[in-house]
file structure_6.txt (compact mmCIF, N, CA and C atoms)
# COMPACT_ATOMS: atom_id res chain seq x y z
N MET A 1026 16.13 11.81 66.09
CA MET A 1026 15.44 12.46 65.01
C MET A 1026 16.44 13.19 64.12
N SER A 1027 17.40 13.81 64.69
CA SER A 1027 18.41 14.54 63.95
C SER A 1027 19.28 13.59 63.12
N LEU A 1028 19.59 12.40 63.68
CA LEU A 1028 20.38 11.41 62.94
C LEU A 1028 19.61 10.90 61.73
N LYS A 1029 18.33 10.66 61.92
CA LYS A 1029 17.50 10.18 60.80
C LYS A 1029 17.42 11.24 59.70
N ARG A 1030 17.29 12.50 60.11
CA ARG A 1030 17.20 13.57 59.14
C ARG A 1030 18.53 13.77 58.40
N SER A 1031 19.64 13.63 59.08
CA SER A 1031 20.93 13.79 58.42
C SER A 1031 21.21 12.63 57.48
N ILE A 1032 20.76 11.41 57.82
CA ILE A 1032 20.92 10.26 56.91
C ILE A 1032 20.10 10.49 55.64
N GLN A 1033 18.90 11.00 55.78
CA GLN A 1033 18.06 11.28 54.62
C GLN A 1033 18.71 12.35 53.73
N LEU A 1034 19.31 13.35 54.35
CA LEU A 1034 19.96 14.39 53.59
C LEU A 1034 21.17 13.86 52.82
N VAL A 1035 21.95 12.97 53.43
CA VAL A 1035 23.11 12.37 52.77
C VAL A 1035 22.65 11.50 51.60
N VAL A 1036 21.63 10.70 51.82
CA VAL A 1036 21.10 9.84 50.75
C VAL A 1036 20.58 10.70 49.60
N LEU A 1037 19.91 11.79 49.91
CA LEU A 1037 19.39 12.69 48.88
C LEU A 1037 20.53 13.34 48.09
N LEU A 1038 21.58 13.77 48.77
CA LEU A 1038 22.71 14.37 48.07
C LEU A 1038 23.43 13.34 47.19
N ILE A 1039 23.55 12.13 47.67
CA ILE A 1039 24.18 11.08 46.86
C ILE A 1039 23.34 10.80 45.61
N ALA A 1040 22.03 10.73 45.79
CA ALA A 1040 21.15 10.47 44.65
C ALA A 1040 21.20 11.60 43.64
N LEU A 1041 21.34 12.82 44.12
CA LEU A 1041 21.38 13.96 43.20
C LEU A 1041 22.74 14.13 42.53
N LEU A 1042 23.83 13.83 43.24
CA LEU A 1042 25.16 14.04 42.68
C LEU A 1042 25.70 12.83 41.94
N LEU A 1043 25.09 11.67 42.09
CA LEU A 1043 25.59 10.45 41.44
C LEU A 1043 25.57 10.55 39.92
N PRO A 1044 24.51 11.06 39.29
CA PRO A 1044 24.54 11.17 37.83
C PRO A 1044 25.64 12.09 37.32
N VAL A 1045 26.00 13.12 38.08
CA VAL A 1045 27.05 14.03 37.65
C VAL A 1045 28.40 13.33 37.69
N VAL A 1046 28.62 12.51 38.68
CA VAL A 1046 29.89 11.82 38.84
C VAL A 1046 30.03 10.69 37.84
N VAL A 1047 28.93 9.97 37.56
CA VAL A 1047 28.99 8.76 36.74
C VAL A 1047 29.15 9.08 35.26
N HIS A 1048 28.52 10.13 34.78
CA HIS A 1048 28.54 10.41 33.35
C HIS A 1048 29.92 10.89 32.91
N ALA A 1049 30.41 10.26 31.88
CA ALA A 1049 31.67 10.68 31.27
C ALA A 1049 31.36 11.35 29.95
N GLN A 1050 32.30 12.04 29.40
CA GLN A 1050 32.08 12.72 28.13
C GLN A 1050 32.02 11.70 27.01
N ALA A 1051 30.98 11.79 26.20
CA ALA A 1051 30.80 10.87 25.08
C ALA A 1051 31.76 11.26 23.96
N PRO A 1052 32.25 10.28 23.22
CA PRO A 1052 33.13 10.61 22.10
C PRO A 1052 32.34 11.31 21.00
N THR A 1053 33.00 12.13 20.24
CA THR A 1053 32.32 12.84 19.16
C THR A 1053 31.94 11.85 18.07
N PRO A 1054 30.73 11.96 17.55
CA PRO A 1054 30.30 11.03 16.50
C PRO A 1054 31.04 11.30 15.19
N ALA A 1055 31.17 10.24 14.42
CA ALA A 1055 31.82 10.38 13.11
C ALA A 1055 30.88 11.12 12.18
N PRO A 1056 31.38 11.98 11.34
CA PRO A 1056 30.49 12.72 10.43
C PRO A 1056 29.86 11.77 9.41
N SER A 1057 28.58 12.01 9.15
CA SER A 1057 27.87 11.17 8.19
C SER A 1057 28.26 11.59 6.77
N PRO A 1058 28.23 10.64 5.85
CA PRO A 1058 28.59 11.00 4.47
C PRO A 1058 27.54 11.94 3.88
N VAL A 1059 27.99 12.88 3.11
CA VAL A 1059 27.10 13.87 2.51
C VAL A 1059 26.61 13.32 1.18
N ARG A 1060 25.25 13.30 1.05
CA ARG A 1060 24.65 12.85 -0.21
C ARG A 1060 24.05 14.04 -0.92
N SER A 1061 23.99 13.94 -2.23
CA SER A 1061 23.42 15.05 -3.01
C SER A 1061 21.90 15.01 -2.93
N LEU A 1062 21.28 16.08 -3.39
CA LEU A 1062 19.83 16.18 -3.37
C LEU A 1062 19.20 15.12 -4.27
N SER A 1063 19.79 14.85 -5.42
CA SER A 1063 19.23 13.84 -6.32
C SER A 1063 19.32 12.44 -5.70
N ASP A 1064 20.39 12.16 -4.95
CA ASP A 1064 20.48 10.87 -4.26
C ASP A 1064 19.40 10.75 -3.19
N ASN A 1065 19.16 11.83 -2.47
CA ASN A 1065 18.12 11.81 -1.45
C ASN A 1065 16.74 11.64 -2.06
N ILE A 1066 16.48 12.30 -3.18
CA ILE A 1066 15.17 12.18 -3.84
C ILE A 1066 14.98 10.77 -4.38
N SER A 1067 16.02 10.18 -4.97
CA SER A 1067 15.87 8.82 -5.49
C SER A 1067 15.68 7.82 -4.35
N ALA A 1068 16.37 8.02 -3.23
CA ALA A 1068 16.17 7.13 -2.08
C ALA A 1068 14.76 7.28 -1.52
N LEU A 1069 14.25 8.50 -1.49
CA LEU A 1069 12.88 8.73 -1.02
C LEU A 1069 11.86 8.08 -1.94
N SER A 1070 12.06 8.16 -3.26
CA SER A 1070 11.11 7.55 -4.18
C SER A 1070 11.16 6.03 -4.10
N GLN A 1071 12.34 5.47 -3.89
CA GLN A 1071 12.42 4.01 -3.72
C GLN A 1071 11.74 3.57 -2.44
N ARG A 1072 11.90 4.33 -1.38
CA ARG A 1072 11.23 4.00 -0.11
C ARG A 1072 9.72 4.13 -0.25
N ALA A 1073 9.25 5.16 -0.95
CA ALA A 1073 7.82 5.35 -1.15
C ALA A 1073 7.24 4.22 -2.00
N ALA A 1074 7.99 3.79 -3.02
CA ALA A 1074 7.51 2.68 -3.85
C ALA A 1074 7.46 1.39 -3.04
N GLY A 1075 8.36 1.22 -2.10
CA GLY A 1075 8.33 0.03 -1.25
C GLY A 1075 7.18 0.06 -0.26
N LEU A 1076 6.71 1.25 0.11
CA LEU A 1076 5.62 1.36 1.07
C LEU A 1076 4.24 1.29 0.44
N LEU A 1077 4.13 1.44 -0.87
CA LEU A 1077 2.83 1.43 -1.53
C LEU A 1077 2.05 0.13 -1.31
N PRO A 1078 2.67 -1.06 -1.41
CA PRO A 1078 1.88 -2.27 -1.14
C PRO A 1078 1.33 -2.32 0.29
N TYR A 1079 2.10 -1.85 1.25
CA TYR A 1079 1.60 -1.82 2.63
C TYR A 1079 0.45 -0.84 2.77
N PHE A 1080 0.55 0.32 2.11
CA PHE A 1080 -0.51 1.31 2.13
C PHE A 1080 -1.78 0.75 1.50
N ASP A 1081 -1.62 0.04 0.39
CA ASP A 1081 -2.77 -0.55 -0.29
C ASP A 1081 -3.42 -1.62 0.57
N LYS A 1082 -2.61 -2.43 1.21
CA LYS A 1082 -3.13 -3.54 2.02
C LYS A 1082 -3.79 -3.05 3.30
N GLU A 1083 -3.18 -2.09 3.97
CA GLU A 1083 -3.65 -1.68 5.29
C GLU A 1083 -4.71 -0.59 5.26
N ILE A 1084 -4.70 0.27 4.27
CA ILE A 1084 -5.62 1.41 4.30
C ILE A 1084 -6.66 1.33 3.19
N VAL A 1085 -6.20 1.23 1.96
CA VAL A 1085 -7.12 1.32 0.82
C VAL A 1085 -8.09 0.13 0.80
N SER A 1086 -7.59 -1.07 1.01
CA SER A 1086 -8.46 -2.24 0.93
C SER A 1086 -9.51 -2.24 2.04
N LYS A 1087 -9.19 -1.67 3.20
CA LYS A 1087 -10.16 -1.65 4.29
C LYS A 1087 -11.18 -0.53 4.14
N LEU A 1088 -10.82 0.54 3.45
CA LEU A 1088 -11.75 1.65 3.27
C LEU A 1088 -12.57 1.56 1.98
N MET A 1089 -12.18 0.66 1.07
CA MET A 1089 -12.86 0.59 -0.23
C MET A 1089 -14.34 0.25 -0.07
N GLY A 1090 -14.68 -0.66 0.83
CA GLY A 1090 -16.08 -1.02 1.03
C GLY A 1090 -16.91 0.16 1.52
N TRP A 1091 -16.33 0.95 2.42
CA TRP A 1091 -17.05 2.12 2.92
C TRP A 1091 -17.23 3.16 1.82
N PHE A 1092 -16.24 3.34 0.99
CA PHE A 1092 -16.38 4.31 -0.10
C PHE A 1092 -17.41 3.85 -1.12
N GLU A 1093 -17.47 2.55 -1.39
CA GLU A 1093 -18.49 2.04 -2.32
C GLU A 1093 -19.89 2.25 -1.74
N LEU A 1094 -20.05 1.97 -0.45
CA LEU A 1094 -21.35 2.17 0.18
C LEU A 1094 -21.75 3.65 0.15
N LEU A 1095 -20.80 4.53 0.45
CA LEU A 1095 -21.08 5.95 0.41
C LEU A 1095 -21.47 6.40 -1.00
N ALA A 1096 -20.79 5.88 -2.02
CA ALA A 1096 -21.12 6.24 -3.40
C ALA A 1096 -22.52 5.76 -3.76
N TRP A 1097 -22.87 4.56 -3.34
CA TRP A 1097 -24.21 4.05 -3.62
C TRP A 1097 -25.28 4.90 -2.93
N VAL A 1098 -25.06 5.25 -1.68
CA VAL A 1098 -26.05 6.05 -0.96
C VAL A 1098 -26.20 7.42 -1.62
N LEU A 1099 -25.09 8.09 -1.92
CA LEU A 1099 -25.17 9.40 -2.57
C LEU A 1099 -25.81 9.32 -3.95
N GLY A 1100 -25.45 8.29 -4.72
CA GLY A 1100 -26.05 8.14 -6.05
C GLY A 1100 -27.54 7.89 -5.99
N ASN A 1101 -27.97 7.06 -5.05
CA ASN A 1101 -29.41 6.80 -4.93
C ASN A 1101 -30.16 8.02 -4.43
N CYS A 1102 -29.56 8.79 -3.53
CA CYS A 1102 -30.20 10.04 -3.10
C CYS A 1102 -30.35 11.02 -4.26
N LEU A 1103 -29.28 11.15 -5.05
CA LEU A 1103 -29.36 12.03 -6.21
C LEU A 1103 -30.41 11.55 -7.21
N ALA A 1104 -30.47 10.24 -7.43
CA ALA A 1104 -31.47 9.71 -8.35
C ALA A 1104 -32.88 9.97 -7.83
N GLY A 1105 -33.07 9.82 -6.53
CA GLY A 1105 -34.39 10.09 -5.96
C GLY A 1105 -34.78 11.55 -6.08
N PHE A 1106 -33.86 12.46 -5.80
CA PHE A 1106 -34.16 13.88 -5.93
C PHE A 1106 -34.38 14.27 -7.39
N ALA A 1107 -33.67 13.64 -8.30
CA ALA A 1107 -33.89 13.92 -9.72
C ALA A 1107 -35.27 13.43 -10.16
N MET A 1108 -35.68 12.29 -9.63
CA MET A 1108 -37.02 11.78 -9.96
C MET A 1108 -38.09 12.72 -9.42
N LEU A 1109 -37.90 13.23 -8.21
CA LEU A 1109 -38.87 14.18 -7.65
C LEU A 1109 -38.93 15.45 -8.49
N ARG A 1110 -37.77 15.89 -9.01
CA ARG A 1110 -37.75 17.08 -9.85
C ARG A 1110 -38.51 16.85 -11.15
N VAL A 1111 -38.31 15.68 -11.77
CA VAL A 1111 -38.99 15.35 -13.03
C VAL A 1111 -40.50 15.28 -12.80
N ILE A 1112 -40.89 14.66 -11.72
CA ILE A 1112 -42.33 14.54 -11.45
C ILE A 1112 -42.94 15.91 -11.15
N ARG A 1113 -42.20 16.76 -10.44
CA ARG A 1113 -42.72 18.08 -10.08
C ARG A 1113 -42.84 18.98 -11.30
N GLU A 1114 -41.89 18.89 -12.23
CA GLU A 1114 -41.89 19.80 -13.37
C GLU A 1114 -43.07 19.55 -14.30
N ASP A 1115 -43.31 18.31 -14.67
CA ASP A 1115 -44.39 18.07 -15.62
C ASP A 1115 -45.25 16.86 -15.25
N ASN A 1116 -45.35 16.57 -13.95
CA ASN A 1116 -46.19 15.49 -13.43
C ASN A 1116 -45.87 14.13 -14.04
N GLY A 1117 -44.63 13.92 -14.44
CA GLY A 1117 -44.23 12.62 -14.99
C GLY A 1117 -44.67 12.39 -16.41
N GLU A 1118 -45.19 13.40 -17.06
CA GLU A 1118 -45.63 13.25 -18.45
C GLU A 1118 -44.54 13.78 -19.38
N GLY A 1119 -44.53 13.31 -20.58
CA GLY A 1119 -43.62 13.82 -21.58
C GLY A 1119 -42.33 13.01 -21.64
N SER A 1120 -41.38 13.54 -22.43
CA SER A 1120 -40.14 12.80 -22.69
C SER A 1120 -39.13 12.94 -21.56
N GLY A 1121 -39.31 13.88 -20.64
CA GLY A 1121 -38.37 14.07 -19.54
C GLY A 1121 -38.25 12.82 -18.68
N LEU A 1122 -39.36 12.13 -18.48
CA LEU A 1122 -39.34 10.91 -17.67
C LEU A 1122 -38.54 9.82 -18.36
N TYR A 1123 -38.67 9.71 -19.68
CA TYR A 1123 -37.91 8.67 -20.41
C TYR A 1123 -36.40 8.95 -20.37
N TRP A 1124 -36.04 10.22 -20.54
CA TRP A 1124 -34.62 10.57 -20.44
C TRP A 1124 -34.08 10.31 -19.04
N TRP A 1125 -34.90 10.59 -18.03
CA TRP A 1125 -34.48 10.33 -16.66
C TRP A 1125 -34.26 8.84 -16.44
N LEU A 1126 -35.16 8.01 -16.95
CA LEU A 1126 -35.00 6.55 -16.80
C LEU A 1126 -33.75 6.06 -17.53
N GLY A 1127 -33.45 6.67 -18.69
CA GLY A 1127 -32.22 6.30 -19.41
C GLY A 1127 -30.97 6.67 -18.62
N ARG A 1128 -30.99 7.87 -18.03
CA ARG A 1128 -29.84 8.27 -17.20
C ARG A 1128 -29.71 7.40 -15.96
N LEU A 1129 -30.83 6.99 -15.38
CA LEU A 1129 -30.79 6.10 -14.22
C LEU A 1129 -30.21 4.74 -14.60
N ALA A 1130 -30.60 4.24 -15.75
CA ALA A 1130 -30.06 2.95 -16.21
C ALA A 1130 -28.55 3.07 -16.46
N LEU A 1131 -28.11 4.18 -17.06
CA LEU A 1131 -26.68 4.40 -17.26
C LEU A 1131 -25.93 4.49 -15.93
N PHE A 1132 -26.54 5.13 -14.94
CA PHE A 1132 -25.93 5.22 -13.62
C PHE A 1132 -25.76 3.82 -13.02
N PHE A 1133 -26.78 2.98 -13.10
CA PHE A 1133 -26.66 1.63 -12.54
C PHE A 1133 -25.64 0.78 -13.30
N VAL A 1134 -25.56 0.94 -14.60
CA VAL A 1134 -24.57 0.19 -15.38
C VAL A 1134 -23.16 0.62 -14.99
N LEU A 1135 -22.92 1.92 -14.91
CA LEU A 1135 -21.58 2.39 -14.57
C LEU A 1135 -21.20 2.06 -13.13
N SER A 1136 -22.14 2.17 -12.22
CA SER A 1136 -21.80 1.86 -10.82
C SER A 1136 -21.63 0.36 -10.61
N GLY A 1137 -22.29 -0.45 -11.40
CA GLY A 1137 -22.13 -1.90 -11.26
C GLY A 1137 -20.85 -2.42 -11.88
N THR A 1138 -20.38 -1.76 -12.93
CA THR A 1138 -19.19 -2.25 -13.63
C THR A 1138 -17.97 -1.38 -13.38
N SER A 1139 -18.04 -0.47 -12.43
CA SER A 1139 -16.93 0.47 -12.23
C SER A 1139 -15.65 -0.23 -11.81
N LEU A 1140 -15.73 -1.21 -10.92
CA LEU A 1140 -14.51 -1.90 -10.49
C LEU A 1140 -13.86 -2.68 -11.63
N ALA A 1141 -14.69 -3.30 -12.47
CA ALA A 1141 -14.14 -4.04 -13.61
C ALA A 1141 -13.47 -3.07 -14.60
N ILE A 1142 -14.09 -1.92 -14.82
CA ILE A 1142 -13.51 -0.93 -15.73
C ILE A 1142 -12.18 -0.41 -15.17
N ILE A 1143 -12.15 -0.11 -13.87
CA ILE A 1143 -10.92 0.41 -13.26
C ILE A 1143 -9.82 -0.64 -13.29
N ASN A 1144 -10.14 -1.89 -12.99
CA ASN A 1144 -9.12 -2.95 -13.01
C ASN A 1144 -8.59 -3.17 -14.42
N THR A 1145 -9.46 -3.13 -15.42
CA THR A 1145 -9.01 -3.31 -16.80
C THR A 1145 -8.11 -2.16 -17.23
N MET A 1146 -8.50 -0.94 -16.92
CA MET A 1146 -7.68 0.22 -17.29
C MET A 1146 -6.34 0.21 -16.55
N SER A 1147 -6.35 -0.27 -15.31
CA SER A 1147 -5.10 -0.37 -14.56
C SER A 1147 -4.16 -1.39 -15.19
N ALA A 1148 -4.70 -2.52 -15.63
CA ALA A 1148 -3.87 -3.53 -16.29
C ALA A 1148 -3.32 -3.01 -17.61
N ILE A 1149 -4.13 -2.27 -18.36
CA ILE A 1149 -3.66 -1.70 -19.62
C ILE A 1149 -2.56 -0.68 -19.36
N GLY A 1150 -2.74 0.18 -18.36
CA GLY A 1150 -1.72 1.17 -18.02
C GLY A 1150 -0.43 0.52 -17.56
N TYR A 1151 -0.54 -0.56 -16.78
CA TYR A 1151 0.66 -1.27 -16.33
C TYR A 1151 1.40 -1.88 -17.51
N GLU A 1152 0.65 -2.43 -18.47
CA GLU A 1152 1.27 -3.03 -19.65
C GLU A 1152 1.94 -1.97 -20.52
N ILE A 1153 1.33 -0.80 -20.62
CA ILE A 1153 1.94 0.27 -21.40
C ILE A 1153 3.24 0.73 -20.74
N ALA A 1154 3.24 0.83 -19.41
CA ALA A 1154 4.41 1.35 -18.71
C ALA A 1154 5.51 0.32 -18.54
N ASN A 1155 5.15 -0.95 -18.29
CA ASN A 1155 6.16 -1.95 -17.92
C ASN A 1155 6.28 -3.11 -18.90
N GLY A 1156 5.48 -3.18 -19.90
CA GLY A 1156 5.51 -4.32 -20.81
C GLY A 1156 4.55 -5.40 -20.33
N ASN A 1157 4.40 -6.45 -21.14
CA ASN A 1157 3.46 -7.49 -20.77
C ASN A 1157 4.16 -8.67 -20.12
N GLU A 1158 3.41 -9.76 -19.89
CA GLU A 1158 3.93 -10.91 -19.15
C GLU A 1158 5.03 -11.67 -19.90
N SER A 1159 5.06 -11.55 -21.23
CA SER A 1159 6.05 -12.30 -22.00
C SER A 1159 7.39 -11.56 -22.08
N ARG A 1160 7.60 -10.62 -21.19
CA ARG A 1160 8.85 -9.87 -21.06
C ARG A 1160 9.21 -9.06 -22.31
N GLN A 1161 8.20 -8.64 -23.05
CA GLN A 1161 8.47 -7.74 -24.16
C GLN A 1161 8.64 -6.33 -23.62
N ARG A 1162 9.38 -5.54 -24.35
CA ARG A 1162 9.60 -4.16 -23.89
C ARG A 1162 8.30 -3.38 -23.98
N SER A 1163 8.16 -2.42 -23.11
CA SER A 1163 6.94 -1.63 -23.09
C SER A 1163 6.95 -0.61 -24.22
N VAL A 1164 5.78 -0.04 -24.45
CA VAL A 1164 5.65 0.98 -25.48
C VAL A 1164 6.46 2.22 -25.09
N LEU A 1165 6.50 2.56 -23.83
CA LEU A 1165 7.24 3.74 -23.39
C LEU A 1165 8.74 3.56 -23.56
N HIS A 1166 9.26 2.34 -23.40
CA HIS A 1166 10.69 2.12 -23.56
C HIS A 1166 11.12 2.22 -25.02
N GLU A 1167 10.23 1.87 -25.92
CA GLU A 1167 10.55 1.93 -27.35
C GLU A 1167 10.44 3.36 -27.83
call {"tool": "encode", "arguments": {"input": "structure_6.txt", "output": "structure tokens"}}
result
Amino acid sequence: MSLKRSIQLVVLLIALLLPVVVHAQAPTPAPSPVRSLSDNISALSQRAAGLLPYFDKEIVSKLMGWFELLAWVLGNCLAGFAMLRVIREDNGEGSGLYWWLGRLALFFVLSGTSLAIINTMSAIGYEIANGNESRQRSVLHE
């Protein structure tokens, strides 16, 4: 029993002292080149511009459907509560109902064409900033 216990103690000491014996001193690392703040900011902006397509593909495109659904639900709830208010105020009589129907029609037109409006404005903004497809200079460069 004593021999078994002493063997275990020797194995334990070897296991504990082996990392101390094996590790050698690492050489000192070479100093990294020092960059200015403007170089760091420009590198960060280039990296961020490179990540935007991935962000658009992985996050925005997958959440866009949920945001559209949420907008539709909130808009329809607001329209329903507005209709209840119009009916409560004057029992649906008078010009308030006609104005409400006009605002509801405007809401449906804007919510139905919102993506087309945003895409068109985005294309116009891109053309103003970067020029058009025929490689003409942009308005901002001139």
call {"tool": "closest_residue", "arguments": {"input": "structure_6.txt", "among": "A:Cys1102, A:Leu1077, A:Ala1096, A:Ala1040", "to": "Leu1135 in chain A", "atoms": "only C-alpha atoms"}}
result
A:Ala1096
call {"tool": "axis_aligned_box", "arguments": {"input": "structure_6.txt", "around": "range 1066-1085 of chain A", "padding_each_side": "6 Å", "output": "lines of an AutoDock Vina configuration file"}}
result
center_x = 4.2
center_y = 4.4
center_z = -0.1
size_x = 36.6
size_y = 27.8
size_z = 22.8
call {"tool": "atom_distance", "arguments": {"input": "structure_6.txt", "atom1": "atom N of Leu1099 in chain A", "atom2": "atom C of Phe1133 in chain A"}}
result
13.5 Å
call {"tool": "atom_distance", "arguments": {"input": "structure_6.txt", "atom1": "atom N of Ala1104 in chain A", "atom2": "atom C of Gly1090 in chain A"}}
result
19.1 Å
call {"tool": "atom_distance", "arguments": {"input": "structure_6.txt", "atom1": "atom C of Ala1130 in chain A", "atom2": "atom C of Val1085 in chain A"}}
result
26.9 Å
call {"tool": "closest_residue", "arguments": {"input": "structure_6.txt", "among": "A:Glu1118, A:Glu1093, A:Asp1081, A:Glu1152", "to": "Ser1136 in chain A", "atoms": "only C-alpha atoms"}}
result
A:Glu1093
call {"tool": "closest_residue", "arguments": {"input": "structure_6.txt", "among": "A:Thr1053, A:Asn1155, A:Ser1147, A:Ser1139", "to": "Trp1097 in chain A", "atoms": "only C-alpha atoms"}}
result
A:Ser1139
call {"tool": "select_by_dssp", "arguments": {"input": "structure_6.txt", "residues": "range 1089-1164 of chain A", "states": "alpha helix (DSSP H)", "output": "PyMOL selection string"}}
result
chain A and resi 1089-1115+1120-1155
call {"tool": "build_atoms", "arguments": {"input": "structure_6.txt", "residues": "range 1026-1034 of chain A", "atoms": "all heavy atoms", "output": "tab-separated table (two decimals), keeping the file's coordinate frame"}}
result
chain	number	residue	atom	x	y	z
A	1026	MET	N	16.13	11.81	66.09
A	1026	MET	CA	15.44	12.46	65.01
A	1026	MET	C	16.44	13.19	64.12
A	1026	MET	O	16.29	13.17	62.91
A	1026	MET	CB	14.42	13.43	65.61
A	1026	MET	CG	13.61	14.11	64.61
A	1026	MET	SD	12.26	13.06	64.21
A	1026	MET	CE	11.19	14.15	63.47
A	1027	SER	N	17.40	13.81	64.69
A	1027	SER	CA	18.41	14.54	63.95
A	1027	SER	C	19.28	13.59	63.12
A	1027	SER	O	19.67	13.92	62.00
A	1027	SER	CB	19.27	15.33	64.94
A	1027	SER	OG	20.34	15.90	64.26
A	1028	LEU	N	19.59	12.40	63.68
A	1028	LEU	CA	20.38	11.41	62.94
A	1028	LEU	C	19.61	10.90	61.73
A	1028	LEU	O	20.19	10.76	60.64
A	1028	LEU	CB	20.76	10.26	63.89
A	1028	LEU	CG	21.60	9.16	63.27
A	1028	LEU	CD1	22.95	9.71	62.84
A	1028	LEU	CD2	21.75	8.02	64.24
A	1029	LYS	N	18.33	10.66	61.92
A	1029	LYS	CA	17.50	10.18	60.80
A	1029	LYS	C	17.42	11.24	59.70
A	1029	LYS	O	17.51	10.94	58.52
A	1029	LYS	CB	16.10	9.85	61.33
A	1029	LYS	CG	15.20	9.24	60.31
A	1029	LYS	CD	13.88	8.86	60.92
A	1029	LYS	CE	12.98	8.26	59.89
A	1029	LYS	NZ	11.66	7.94	60.41
A	1030	ARG	N	17.29	12.50	60.11
A	1030	ARG	CA	17.20	13.57	59.14
A	1030	ARG	C	18.53	13.77	58.40
A	1030	ARG	O	18.56	14.01	57.19
A	1030	ARG	CB	16.81	14.86	59.85
A	1030	ARG	CG	16.42	15.95	58.92
A	1030	ARG	CD	15.74	17.06	59.71
A	1030	ARG	NE	15.12	18.02	58.86
A	1030	ARG	CZ	13.89	17.98	58.42
A	1030	ARG	NH1	13.12	16.99	58.76
A	1030	ARG	NH2	13.40	18.91	57.65
A	1031	SER	N	19.64	13.63	59.08
A	1031	SER	CA	20.93	13.79	58.42
A	1031	SER	C	21.21	12.63	57.48
A	1031	SER	O	21.81	12.81	56.41
A	1031	SER	CB	22.05	13.93	59.46
A	1031	SER	OG	22.13	12.76	60.25
A	1032	ILE	N	20.76	11.41	57.82
A	1032	ILE	CA	20.92	10.26	56.91
A	1032	ILE	C	20.10	10.49	55.64
A	1032	ILE	O	20.56	10.22	54.53
A	1032	ILE	CB	20.53	8.95	57.62
A	1032	ILE	CG1	21.56	8.63	58.70
A	1032	ILE	CG2	20.44	7.80	56.62
A	1032	ILE	CD1	21.19	7.44	59.55
A	1033	GLN	N	18.90	11.00	55.78
A	1033	GLN	CA	18.06	11.28	54.62
A	1033	GLN	C	18.71	12.35	53.73
A	1033	GLN	O	18.68	12.27	52.51
A	1033	GLN	CB	16.67	11.75	55.06
A	1033	GLN	CG	15.82	10.65	55.63
A	1033	GLN	CD	14.47	11.17	56.11
A	1033	GLN	OE1	14.24	12.38	56.21
A	1033	GLN	NE2	13.58	10.24	56.43
A	1034	LEU	N	19.31	13.35	54.35
A	1034	LEU	CA	19.96	14.39	53.59
A	1034	LEU	C	21.17	13.86	52.82
A	1034	LEU	O	21.38	14.21	51.65
A	1034	LEU	CB	20.38	15.54	54.53
A	1034	LEU	CG	21.02	16.75	53.86
A	1034	LEU	CD1	20.03	17.43	52.94
A	1034	LEU	CD2	21.56	17.69	54.90
